[in-house]
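Next up, target_2.cif (mmCIF, C-alpha atoms and all ligand atoms):
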data_upload
#
loop_
_atom_site.group_PDB
_atom_site.id
_atom_site.type_symbol
_atom_site.label_atom_id
_atom_site.label_comp_id
_atom_site.auth_asym_id
_atom_site.auth_seq_id
_atom_site.Cartn_x
_atom_site.Cartn_y
_atom_site.Cartn_z
ATOM 1 C CA MET A 7 -4.536 144.679 111.603
ATOM 2 C CA SER A 8 -2.917 147.472 113.600
ATOM 3 C CA GLY A 9 -4.127 151.011 113.304
ATOM 4 C CA GLY A 10 -7.237 151.472 111.235
ATOM 5 C CA SER A 11 -7.873 155.197 111.733
ATOM 6 C CA ASP A 12 -6.583 157.975 109.480
ATOM 7 C CA VAL A 13 -4.816 159.867 112.273
ATOM 8 C CA PRO A 14 -1.863 158.153 113.956
ATOM 9 C CA SER A 15 -2.569 157.820 117.708
ATOM 10 C CA ALA A 16 -0.468 159.050 120.667
ATOM 11 C CA THR A 17 -0.300 155.540 122.063
ATOM 12 C CA GLY A 18 -0.182 152.381 120.021
ATOM 13 C CA THR A 19 -0.953 148.944 121.415
ATOM 14 C CA GLY A 20 -0.334 145.481 120.027
ATOM 15 C CA ARG A 21 -0.886 141.900 121.131
ATOM 16 C CA ALA A 22 0.769 138.705 119.918
ATOM 17 C CA PHE A 23 0.889 135.066 120.962
ATOM 18 C CA GLY A 24 3.394 132.514 122.062
ATOM 19 C CA LYS A 25 3.492 129.266 120.148
ATOM 20 C CA VAL A 26 3.936 125.563 120.404
ATOM 21 C CA ILE A 27 5.216 123.628 117.420
ATOM 22 C CA LEU A 28 3.309 120.345 117.222
ATOM 23 C CA PHE A 29 5.279 118.956 114.279
ATOM 24 C CA GLY A 30 8.209 119.912 112.126
ATOM 25 C CA GLU A 31 10.563 122.207 114.049
ATOM 26 C CA HIS A 32 14.067 122.350 112.549
ATOM 27 C CA ALA A 33 12.862 120.509 109.426
ATOM 28 C CA VAL A 34 10.905 123.710 108.652
ATOM 29 C CA VAL A 35 14.235 125.546 108.263
ATOM 30 C CA TYR A 36 14.894 123.208 105.275
ATOM 31 C CA GLY A 37 11.531 123.826 103.616
ATOM 32 C CA VAL A 38 9.458 121.045 105.191
ATOM 33 C CA PRO A 39 6.005 122.210 106.324
ATOM 34 C CA ALA A 40 5.371 122.432 110.060
ATOM 35 C CA LEU A 41 2.284 122.597 112.246
ATOM 36 C CA ALA A 42 2.192 125.138 115.046
ATOM 37 C CA ALA A 43 -0.396 126.689 117.300
ATOM 38 C CA GLY A 44 -0.560 130.191 118.707
ATOM 39 C CA ILE A 45 -1.385 129.897 122.414
ATOM 40 C CA SER A 46 -3.272 132.355 124.574
ATOM 41 C CA LYS A 47 -0.233 133.406 126.637
ATOM 42 C CA GLY A 48 1.650 136.079 124.764
ATOM 43 C CA VAL A 49 2.940 139.638 124.781
ATOM 44 C CA ARG A 50 1.243 143.028 125.009
ATOM 45 C CA ALA A 51 3.137 146.035 123.712
ATOM 46 C CA THR A 52 2.423 149.722 124.259
ATOM 47 C CA ALA A 53 4.277 152.299 122.178
ATOM 48 C CA GLN A 54 4.574 156.026 122.698
ATOM 49 C CA ALA A 55 6.468 158.642 120.723
ATOM 50 C CA ALA A 56 9.983 159.361 122.065
ATOM 51 C CA LYS A 57 13.122 161.148 120.856
ATOM 52 C CA ASP A 58 15.222 157.983 121.309
ATOM 53 C CA ASP A 59 14.276 154.314 121.597
ATOM 54 C CA GLU A 60 13.362 153.153 125.088
ATOM 55 C CA LEU A 61 12.507 149.567 125.996
ATOM 56 C CA TRP A 62 10.692 148.382 129.094
ATOM 57 C CA LEU A 63 10.347 144.666 129.761
ATOM 58 C CA ASN A 64 7.767 143.826 132.437
ATOM 59 C CA ASP A 65 8.281 147.316 133.960
ATOM 60 C CA ARG A 66 12.091 147.075 133.989
ATOM 61 C CA ARG A 67 13.912 149.536 131.759
ATOM 62 C CA LEU A 68 16.535 147.822 129.597
ATOM 63 C CA GLU A 69 20.024 149.303 129.351
ATOM 64 C CA GLY A 70 20.864 150.873 125.992
ATOM 65 C CA ASP A 71 23.362 148.143 125.082
ATOM 66 C CA HIS A 72 20.780 145.341 125.424
ATOM 67 C CA GLU A 73 20.500 143.439 122.128
ATOM 68 C CA LEU A 74 16.717 143.997 122.035
ATOM 69 C CA TYR A 75 17.528 147.612 121.028
ATOM 70 C CA GLN A 76 19.294 146.328 117.947
ATOM 71 C CA ALA A 77 16.250 144.175 117.156
ATOM 72 C CA LEU A 78 13.948 147.164 117.688
ATOM 73 C CA ARG A 79 16.010 149.277 115.268
ATOM 74 C CA LYS A 80 15.715 146.536 112.610
ATOM 75 C CA LEU A 81 11.981 146.300 113.213
ATOM 76 C CA ARG A 82 11.535 150.079 112.949
ATOM 77 C CA GLY A 83 13.698 150.151 109.832
ATOM 78 C CA SER A 84 11.463 147.588 108.181
ATOM 79 C CA LEU A 85 8.304 149.517 109.092
ATOM 80 C CA ALA A 86 9.989 152.870 108.320
ATOM 81 C CA VAL A 87 8.851 154.429 111.607
ATOM 82 C CA PRO A 88 10.772 156.740 114.006
ATOM 83 C CA ALA A 89 12.047 156.067 117.556
ATOM 84 C CA ALA A 90 9.587 155.154 120.290
ATOM 85 C CA SER A 91 9.267 154.146 123.903
ATOM 86 C CA LEU A 92 8.011 150.558 123.974
ATOM 87 C CA SER A 93 6.713 148.786 127.014
ATOM 88 C CA LEU A 94 6.432 145.000 126.718
ATOM 89 C CA ARG A 95 4.418 142.832 129.078
ATOM 90 C CA VAL A 96 5.474 139.242 128.534
ATOM 91 C CA GLU A 97 3.270 136.440 129.893
ATOM 92 C CA LEU A 98 5.531 133.678 128.534
ATOM 93 C CA PRO A 99 8.705 132.226 130.001
ATOM 94 C CA LEU A 100 11.487 134.038 128.133
ATOM 95 C CA GLY A 101 13.659 132.055 125.759
ATOM 96 C CA ALA A 102 11.989 128.733 126.593
ATOM 97 C CA GLY A 103 11.097 127.780 123.020
ATOM 98 C CA LEU A 104 7.603 129.223 123.239
ATOM 99 C CA GLY A 105 8.272 132.038 120.798
ATOM 100 C CA SER A 106 8.590 134.895 123.315
ATOM 101 C CA SER A 107 10.985 136.780 121.044
ATOM 102 C CA ALA A 108 8.713 136.513 117.986
ATOM 103 C CA ALA A 109 5.695 137.483 120.104
ATOM 104 C CA MET A 110 7.575 140.570 121.362
ATOM 105 C CA ALA A 111 8.423 141.457 117.775
ATOM 106 C CA VAL A 112 4.877 141.062 116.453
ATOM 107 C CA ALA A 113 3.290 142.918 119.387
ATOM 108 C CA SER A 114 5.848 145.738 118.958
ATOM 109 C CA ALA A 115 5.276 145.978 115.206
ATOM 110 C CA ARG A 116 1.532 146.248 115.773
ATOM 111 C CA ALA A 117 1.945 148.848 118.523
ATOM 112 C CA LEU A 118 4.376 150.927 116.426
ATOM 113 C CA GLY A 119 2.095 150.596 113.425
ATOM 114 C CA GLU A 120 -0.814 151.936 115.431
ATOM 115 C CA LEU A 121 1.300 154.760 116.863
ATOM 116 C CA HIS A 122 2.970 155.997 113.701
ATOM 117 C CA ARG A 123 1.006 154.797 110.704
ATOM 118 C CA SER A 124 -2.601 154.540 109.724
ATOM 119 C CA THR A 125 -2.419 150.891 108.665
ATOM 120 C CA VAL A 126 0.101 148.084 108.786
ATOM 121 C CA SER A 127 -0.647 144.901 106.897
ATOM 122 C CA GLU A 128 -0.014 141.454 108.357
ATOM 123 C CA ARG A 129 2.621 140.976 105.643
ATOM 124 C CA GLU A 130 4.474 144.103 106.834
ATOM 125 C CA VAL A 131 4.209 142.908 110.447
ATOM 126 C CA PHE A 132 5.695 139.547 109.362
ATOM 127 C CA ALA A 133 8.592 141.180 107.496
ATOM 128 C CA ALA A 134 9.382 143.556 110.378
ATOM 129 C CA ALA A 135 9.236 140.792 112.982
ATOM 130 C CA GLN A 136 11.531 138.622 110.838
ATOM 131 C CA ALA A 137 14.048 141.499 110.739
ATOM 132 C CA TRP A 138 13.936 141.518 114.587
ATOM 133 C CA GLU A 139 14.303 137.716 114.745
ATOM 134 C CA ARG A 140 17.354 137.733 112.453
ATOM 135 C CA VAL A 141 19.264 139.679 115.122
ATOM 136 C CA PHE A 142 19.079 136.634 117.401
ATOM 137 C CA HIS A 143 19.136 133.776 114.941
ATOM 138 C CA GLY A 144 20.645 134.056 111.508
ATOM 139 C CA ASN A 145 18.266 131.760 109.672
ATOM 140 C CA PRO A 146 14.727 131.896 111.105
ATOM 141 C CA SER A 147 12.175 130.008 109.034
ATOM 142 C CA GLY A 148 9.421 132.440 110.053
ATOM 143 C CA ILE A 149 7.269 129.866 111.856
ATOM 144 C CA ASP A 150 7.600 131.589 115.246
ATOM 145 C CA VAL A 151 6.498 134.910 113.776
ATOM 146 C CA ALA A 152 3.632 133.340 111.798
ATOM 147 C CA ALA A 153 2.362 131.578 114.939
ATOM 148 C CA ALA A 154 2.738 134.793 116.971
ATOM 149 C CA GLN A 155 0.458 136.506 114.453
ATOM 150 C CA ALA A 156 -2.156 133.764 114.506
ATOM 151 C CA MET A 157 -4.356 132.221 117.147
ATOM 152 C CA GLY A 158 -5.117 128.586 116.465
ATOM 153 C CA LEU A 159 -3.433 125.943 114.386
ATOM 154 C CA ILE A 160 -1.371 126.922 111.344
ATOM 155 C CA ALA A 161 0.533 125.038 108.681
ATOM 156 C CA PHE A 162 3.674 126.902 107.744
ATOM 157 C CA SER A 163 6.121 126.396 104.889
ATOM 158 C CA ARG A 164 9.122 128.644 104.555
ATOM 159 C CA GLY A 165 8.600 131.476 102.069
ATOM 160 C CA GLU A 166 4.845 130.860 101.791
ATOM 161 C CA GLU A 167 1.819 132.496 103.384
ATOM 162 C CA PRO A 168 0.849 130.578 106.548
ATOM 163 C CA GLN A 169 -2.365 128.614 106.154
ATOM 164 C CA SER A 170 -4.874 127.965 108.883
ATOM 165 C CA ALA A 171 -5.120 124.237 109.549
ATOM 166 C CA PRO A 172 -8.735 123.482 110.378
ATOM 167 C CA PHE A 173 -9.346 120.530 112.667
ATOM 168 C CA SER A 174 -12.182 118.920 114.593
ATOM 169 C CA GLY A 175 -12.602 119.458 118.302
ATOM 170 C CA HIS A 176 -10.264 120.844 120.859
ATOM 171 C CA LEU A 177 -6.571 120.238 121.550
ATOM 172 C CA TYR A 178 -5.850 119.799 125.253
ATOM 173 C CA LEU A 179 -2.143 120.556 125.422
ATOM 174 C CA ALA A 180 0.113 120.472 128.436
ATOM 175 C CA VAL A 181 3.427 122.330 128.273
ATOM 176 C CA ALA A 182 6.382 121.668 130.589
ATOM 177 C CA GLN A 183 9.628 123.538 131.008
ATOM 178 C CA ALA A 184 12.101 120.713 130.750
ATOM 179 C CA GLY A 185 15.355 122.306 131.744
ATOM 180 C CA PRO A 186 17.071 125.558 130.872
ATOM 181 C CA PRO A 187 16.572 126.631 127.276
ATOM 182 C CA ALA A 188 19.368 126.439 124.719
ATOM 183 C CA SER A 189 19.985 129.121 122.123
ATOM 184 C CA THR A 190 17.915 128.559 118.975
ATOM 185 C CA LYS A 191 20.853 129.740 116.881
ATOM 186 C CA THR A 192 23.183 127.135 118.422
ATOM 187 C CA MET A 193 20.659 124.317 117.988
ATOM 188 C CA VAL A 194 19.937 125.286 114.357
ATOM 189 C CA GLU A 195 23.693 125.372 113.657
ATOM 190 C CA GLY A 196 24.073 121.922 115.263
ATOM 191 C CA VAL A 197 21.447 120.468 112.927
ATOM 192 C CA ALA A 198 23.181 122.133 109.949
ATOM 193 C CA ARG A 199 26.403 120.309 110.910
ATOM 194 C CA ILE A 200 24.525 116.991 110.985
ATOM 195 C CA GLN A 201 23.170 117.731 107.507
ATOM 196 C CA LYS A 202 26.685 118.473 106.235
ATOM 197 C CA ARG A 203 28.097 115.239 107.665
ATOM 198 C CA ASN A 204 25.463 112.992 106.118
ATOM 199 C CA PRO A 205 23.232 114.784 103.592
ATOM 200 C CA GLU A 206 21.568 111.596 102.321
ATOM 201 C CA GLN A 207 20.499 110.375 105.742
ATOM 202 C CA PHE A 208 19.420 113.930 106.562
ATOM 203 C CA SER A 209 17.082 114.152 103.562
ATOM 204 C CA LYS A 210 15.511 110.828 104.524
ATOM 205 C CA THR A 211 14.723 112.240 107.954
ATOM 206 C CA LEU A 212 13.282 115.377 106.327
ATOM 207 C CA GLU A 213 11.044 113.178 104.169
ATOM 208 C CA ALA A 214 9.919 111.245 107.238
ATOM 209 C CA ILE A 215 9.046 114.444 109.100
ATOM 210 C CA SER A 216 7.271 115.771 106.033
ATOM 211 C CA SER A 217 4.999 112.697 105.978
ATOM 212 C CA LEU A 218 4.382 112.982 109.710
ATOM 213 C CA VAL A 219 3.183 116.557 109.166
ATOM 214 C CA HIS A 220 0.999 115.566 106.233
ATOM 215 C CA ASN A 221 -0.556 112.631 108.117
ATOM 216 C CA ALA A 222 -1.043 114.704 111.259
ATOM 217 C CA ARG A 223 -3.039 117.283 109.286
ATOM 218 C CA VAL A 224 -5.293 114.573 107.869
ATOM 219 C CA LEU A 225 -5.762 112.889 111.270
ATOM 220 C CA LEU A 226 -6.489 116.207 112.975
ATOM 221 C CA ARG A 227 -9.184 116.930 110.392
ATOM 222 C CA GLN A 228 -10.630 113.473 111.050
ATOM 223 C CA GLY A 229 -10.485 114.016 114.804
ATOM 224 C CA ASP A 230 -8.208 111.019 115.436
ATOM 225 C CA GLN A 231 -6.101 112.586 118.161
ATOM 226 C CA ALA A 232 -4.872 109.237 119.506
ATOM 227 C CA ALA A 233 -3.085 108.677 116.184
ATOM 228 C CA VAL A 234 -1.800 112.257 116.202
ATOM 229 C CA GLY A 235 -0.230 111.579 119.608
ATOM 230 C CA LYS A 236 1.643 108.563 118.200
ATOM 231 C CA LEU A 237 2.993 110.741 115.391
ATOM 232 C CA MET A 238 4.232 113.249 117.986
ATOM 233 C CA ASP A 239 6.193 110.441 119.659
ATOM 234 C CA LEU A 240 7.711 109.556 116.281
ATOM 235 C CA ASN A 241 8.627 113.179 115.618
ATOM 236 C CA GLN A 242 10.325 113.259 119.037
ATOM 237 C CA MET A 243 12.370 110.183 118.087
ATOM 238 C CA LEU A 244 13.529 111.810 114.861
ATOM 239 C CA LEU A 245 14.415 115.035 116.685
ATOM 240 C CA SER A 246 16.462 113.122 119.244
ATOM 241 C CA GLY A 247 18.356 111.609 116.299
ATOM 242 C CA TRP A 248 19.433 115.177 115.517
ATOM 243 C CA MET A 249 20.785 115.476 119.082
ATOM 244 C CA LEU A 250 18.070 117.934 120.093
ATOM 245 C CA SER A 251 16.732 116.021 123.061
ATOM 246 C CA THR A 252 18.068 115.980 126.618
ATOM 247 C CA GLU A 253 17.577 113.777 129.640
ATOM 248 C CA GLU A 254 15.115 116.309 131.096
ATOM 249 C CA ILE A 255 13.119 116.385 127.851
ATOM 250 C CA GLU A 256 12.977 112.575 127.718
ATOM 251 C CA THR A 257 11.891 112.442 131.379
ATOM 252 C CA ALA A 258 9.151 115.039 130.855
ATOM 253 C CA CYS A 259 7.904 113.124 127.769
ATOM 254 C CA ALA A 260 7.944 109.796 129.629
ATOM 255 C CA VAL A 261 6.100 111.225 132.657
ATOM 256 C CA ALA A 262 3.452 112.677 130.338
ATOM 257 C CA ARG A 263 2.976 109.405 128.441
ATOM 258 C CA HIS A 264 2.784 107.384 131.664
ATOM 259 C CA SER A 265 0.145 109.775 132.951
ATOM 260 C CA GLY A 266 -2.039 109.157 129.943
ATOM 261 C CA ALA A 267 -0.890 111.718 127.336
ATOM 262 C CA LEU A 268 -1.560 110.599 123.758
ATOM 263 C CA GLY A 269 1.933 111.719 122.767
ATOM 264 C CA ALA A 270 4.694 114.097 123.809
ATOM 265 C CA LYS A 271 7.676 115.798 122.221
ATOM 266 C CA LEU A 272 10.008 118.728 122.566
ATOM 267 C CA THR A 273 8.690 121.921 121.046
ATOM 268 C CA GLY A 274 10.856 124.621 119.507
ATOM 269 C CA ALA A 275 14.602 124.500 119.262
ATOM 270 C CA GLY A 276 15.280 121.706 121.786
ATOM 271 C CA GLY A 277 18.467 121.204 123.769
ATOM 272 C CA GLY A 278 16.343 122.161 126.803
ATOM 273 C CA GLY A 279 13.282 124.371 126.874
ATOM 274 C CA CYS A 280 9.775 123.021 126.573
ATOM 275 C CA VAL A 281 7.906 119.775 125.994
ATOM 276 C CA VAL A 282 4.356 119.644 124.651
ATOM 277 C CA ALA A 283 1.985 116.767 125.410
ATOM 278 C CA LEU A 284 -1.343 116.134 123.708
ATOM 279 C CA CYS A 285 -4.103 114.912 126.025
ATOM 280 C CA ALA A 286 -7.450 113.363 125.133
ATOM 281 C CA ASN A 287 -9.453 115.524 127.527
ATOM 282 C CA ASN A 288 -9.270 118.021 130.340
ATOM 283 C CA HIS A 289 -9.089 115.297 133.013
ATOM 284 C CA LEU A 290 -5.978 113.711 131.453
ATOM 285 C CA GLN A 291 -4.473 117.141 130.865
ATOM 286 C CA GLU A 292 -4.821 117.837 134.630
ATOM 287 C CA LYS A 293 -3.296 114.436 135.362
ATOM 288 C CA VAL A 294 -0.245 115.165 133.213
ATOM 289 C CA LEU A 295 0.184 118.606 134.783
ATOM 290 C CA SER A 296 -0.018 117.151 138.330
ATOM 291 C CA ALA A 297 2.475 114.412 137.463
ATOM 292 C CA TRP A 298 4.935 117.048 136.211
ATOM 293 C CA GLU A 299 4.321 119.241 139.252
ATOM 294 C CA SER A 300 4.990 116.300 141.573
ATOM 295 C CA LYS A 301 8.418 116.091 139.923
ATOM 296 C CA ASN A 302 8.962 119.857 140.297
ATOM 297 C CA ILE A 303 8.648 120.438 136.568
ATOM 298 C CA SER A 304 6.939 123.781 135.971
ATOM 299 C CA CYS A 305 4.115 123.542 133.501
ATOM 300 C CA PHE A 306 0.859 125.010 132.217
ATOM 301 C CA SER A 307 -2.062 124.106 130.003
ATOM 302 C CA ALA A 308 -2.544 125.551 126.522
ATOM 303 C CA ASP A 309 -5.757 124.730 124.745
ATOM 304 C CA VAL A 310 -6.315 125.222 121.050
ATOM 305 C CA VAL A 311 -9.881 125.333 119.813
ATOM 306 C CA GLY A 312 -10.635 124.037 116.334
ATOM 307 C CA ASP A 313 -11.545 127.328 114.722
ATOM 308 C CA GLY A 314 -9.068 127.029 111.894
ATOM 309 C CA GLY A 315 -6.534 129.595 113.183
ATOM 310 C CA GLN A 316 -8.140 132.941 112.570
ATOM 311 C CA HIS A 317 -5.858 135.949 112.570
ATOM 312 C CA HIS A 318 -5.158 137.873 115.711
ATOM 313 C CA GLU A 319 -7.416 139.556 118.187
ATOM 314 C CA HIS A 320 -6.176 143.130 118.545
ATOM 315 C CA VAL A 321 -6.355 144.356 122.140
HETATM 316 C C1 LIG B 1 12.192 127.487 116.712
HETATM 317 O O1 LIG B 1 11.005 127.789 117.409
HETATM 318 C C2 LIG B 1 11.879 126.696 115.479
HETATM 319 C C3 LIG B 1 13.102 126.249 114.680
HETATM 320 O O2 LIG B 1 12.591 125.396 113.648
HETATM 321 C C4 LIG B 1 13.853 127.414 114.073
HETATM 322 C C5 LIG B 1 13.078 128.121 112.958
HETATM 323 O O3 LIG B 1 12.190 127.539 112.362
HETATM 324 O O4 LIG B 1 13.437 129.271 112.677
HETATM 325 C C6 LIG B 1 14.044 125.436 115.523
#
Translate this file's structure into structure tokens.
Ligand code: MEV
Amino acid sequence: MSGGSDVPSATGTGRAFGKVILFGEHAVVYGVPALAAGISKGVRATAQAAKDDELWLNDRRLEGDHELYQALRKLRGSLAVPAASLSLRVELPLGAGLGSSAAMAVASARALGELHRSTVSEREVFAAAQAWERVFHGNPSGIDVAAAQAMGLIAFSRGEEPQSAPFSGHLYLAVAQAGPPASTKTMVEGVARIQKRNPEQFSKTLEAISSLVHNARVLLRQGDQAAVGKLMDLNQMLLSGWMLSTEEIETACAVARHSGALGAKLTGAGGGGCVVALCANNHLQEKVLSAWESKNISCFSADVVGDGGQHHEHV
């Protein structure tokens, strides 16, 4: 929770996380549950009082017509706080499907909350960050924001409180940037057109993804990560049926599988952006990362520890 003292402070700080979606992206927009993990790379925000809004992104001041100002105004409106100078330090690749925008929103809401108010609840942070997200993408399910608020694995269903998804062990994830990212809005609109063309087939795919998510939760609790990996491959197949995959995504998935990953899929909006691979241990995770590097695919590791997705560390 941001704030916590009775007197608003002269500087507010907030931290939030990037995310990987392990199962259920896009389907989550239609009410299917999804499984996502907050990762340790994220965003730190520092807010100070100012007459007019000012935004700094990794030490570069953004011009006043940048669309992040519009998002900031929506966020402030939701929190009912005045203008501020916000400095954002982003550790994630921007717009790559790793939730950088939602992490910026959550970190900013926490920093503004600490600066201007004595307390801001997680529910208020969620609502404010969703107002920010709607500037970029008309119909966000809320999963990016929920994962940005959490650290660890969460199960998210649209319109419901996110639940932590306890699991045994440790998830050794490898994340690759498989080509330039596409706009989430465009990809979500593309899927909506597919639904319109063939609603019956579309609901069958939603049902299939829904059972993948359900089974993945059970298998994660049981510690059967090999089976979870197979379900990730199936989810990837269903996502490519919605035209969300690309040659680069397929190559990154294939390289990961050939290097010993248990499963691999796109994560986020697709059409480019990132691939996530699940690895059985640290050795195989390193192997997948080296295989990607040898093909000039930039990548990093993101581990998730089975603590059940406790809410954020405030830094
Ligand atoms: C984007 O990270 C996830 C999508 O499912 C969109 C959303 O849920 O808002 C593609």
(Q) Using only C-alpha atoms and all ligand atoms, which residues have at least one atom no more than 7 Å from ligand LIG 1 (chain B)? Output them as an MDAnalysis selection string. (A) chainID A and resid 31:35 103:105 145:150 190 194 274:275
Q: Take CA of Ala134 in chain A and CA of Val310 in chain A and report the distance between them in Å, one decimal.
A: 26.4 Å
**Q.** Spatial neighbours of range 70-73 of chain A, max dist 12 Å, all atoms listed in the file, sep filter under 4 positions, as a PyMOL selection string
**A.** chain A and resi 58-63+77-80+107+138-142
Q. Which residues fall under the PyMOL selection byres (((chain A and resi 249) around 9) and not hetatm) in this file, as a PyMOL selection string?
A. chain A and resi 193+196-197+245-248+250-252+276-277
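Applied to the file shown here, the PyMOL selection byres (((chain A and resi 308) around 9) and not hetatm) selects Val26, Ile45, Ser46, Lys47, Leu177, Tyr178, Leu179, Ala180, Val181, Phe306, Ser307, Asp309 and Val310 of chain A.
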Q. Neighbours of Asn64 in chain A within 10 Å (all atoms listed in the file; same-chain residues fewer than 3 positions away dropped), as a VMD selection string?
A. chain A and resid 49 to 50 61 67 93 to 97
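The interatomic distance for the pair CA of Ala188 in chain A and CA of Asn221 in chain A works out to 29.4 Å.
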Q) List as number ranges by chain: which residues have an atom within 12 Å of (6.7, 111.9, 120.1), counting only C-alpha atoms? A) A: 28-30, 215, 218, 232-246, 251, 255-256, 258-260, 262-263, 267-273, 281-284
Q: Enumerate, as a PyMOL selection string, the residues matched when the PyMOL selection byres (((chain A and resi 135) around 10) and not hetatm) is run on the file above.
A: chain A and resi 77-78+80-82+84-85+107-116+129-134+136-140+148+150-152+154-155
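Distances from A:Ala86, A:Tyr36, A:Ala297, A:Gln231 to Gln201 in chain A were compared using all atoms listed in the file, and the smallest one belongs to A:Tyr36.
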Please rebuild range 303-309 of chain A with all heavy atoms and give the result as a compact mmCIF listing (two decimals), in the frame of the given file.
# COMPACT_ATOMS: atom_id res chain seq x y z
N ILE A 303 8.49 119.92 137.94
CA ILE A 303 8.65 120.44 136.57
C ILE A 303 7.59 121.52 136.39
O ILE A 303 6.39 121.24 136.56
CB ILE A 303 8.45 119.31 135.52
CG1 ILE A 303 9.49 118.20 135.73
CG2 ILE A 303 8.49 119.86 134.11
CD1 ILE A 303 9.29 116.97 134.85
N SER A 304 7.98 122.75 136.09
CA SER A 304 6.94 123.78 135.97
C SER A 304 6.23 123.63 134.63
O SER A 304 6.84 123.26 133.61
CB SER A 304 7.47 125.19 136.21
OG SER A 304 8.46 125.47 135.29
N CYS A 305 4.94 123.88 134.66
CA CYS A 305 4.12 123.54 133.50
C CYS A 305 2.84 124.37 133.47
O CYS A 305 2.50 125.01 134.46
CB CYS A 305 3.77 122.06 133.56
SG CYS A 305 3.07 121.55 135.14
N PHE A 306 2.16 124.35 132.33
CA PHE A 306 0.86 125.01 132.22
C PHE A 306 0.06 124.36 131.09
O PHE A 306 0.61 123.59 130.29
CB PHE A 306 1.03 126.52 131.99
CG PHE A 306 1.76 126.90 130.73
CD1 PHE A 306 1.10 127.07 129.53
CD2 PHE A 306 3.15 127.10 130.75
CE1 PHE A 306 1.79 127.43 128.37
CE2 PHE A 306 3.84 127.45 129.60
CZ PHE A 306 3.15 127.62 128.41
N SER A 307 -1.23 124.66 131.07
CA SER A 307 -2.06 124.11 130.00
C SER A 307 -2.18 125.13 128.88
O SER A 307 -2.10 126.34 129.12
CB SER A 307 -3.44 123.76 130.55
OG SER A 307 -4.04 124.93 131.04
N ALA A 308 -2.36 124.66 127.66
CA ALA A 308 -2.54 125.55 126.52
C ALA A 308 -3.53 124.88 125.59
O ALA A 308 -3.18 123.92 124.92
CB ALA A 308 -1.21 125.79 125.82
N ASP A 309 -4.75 125.37 125.58
CA ASP A 309 -5.76 124.73 124.74
C ASP A 309 -5.86 125.43 123.40
O ASP A 309 -5.68 126.64 123.30
CB ASP A 309 -7.12 124.79 125.43
CG ASP A 309 -7.14 123.90 126.66
OD1 ASP A 309 -6.09 123.31 126.97
OD2 ASP A 309 -8.20 123.81 127.29
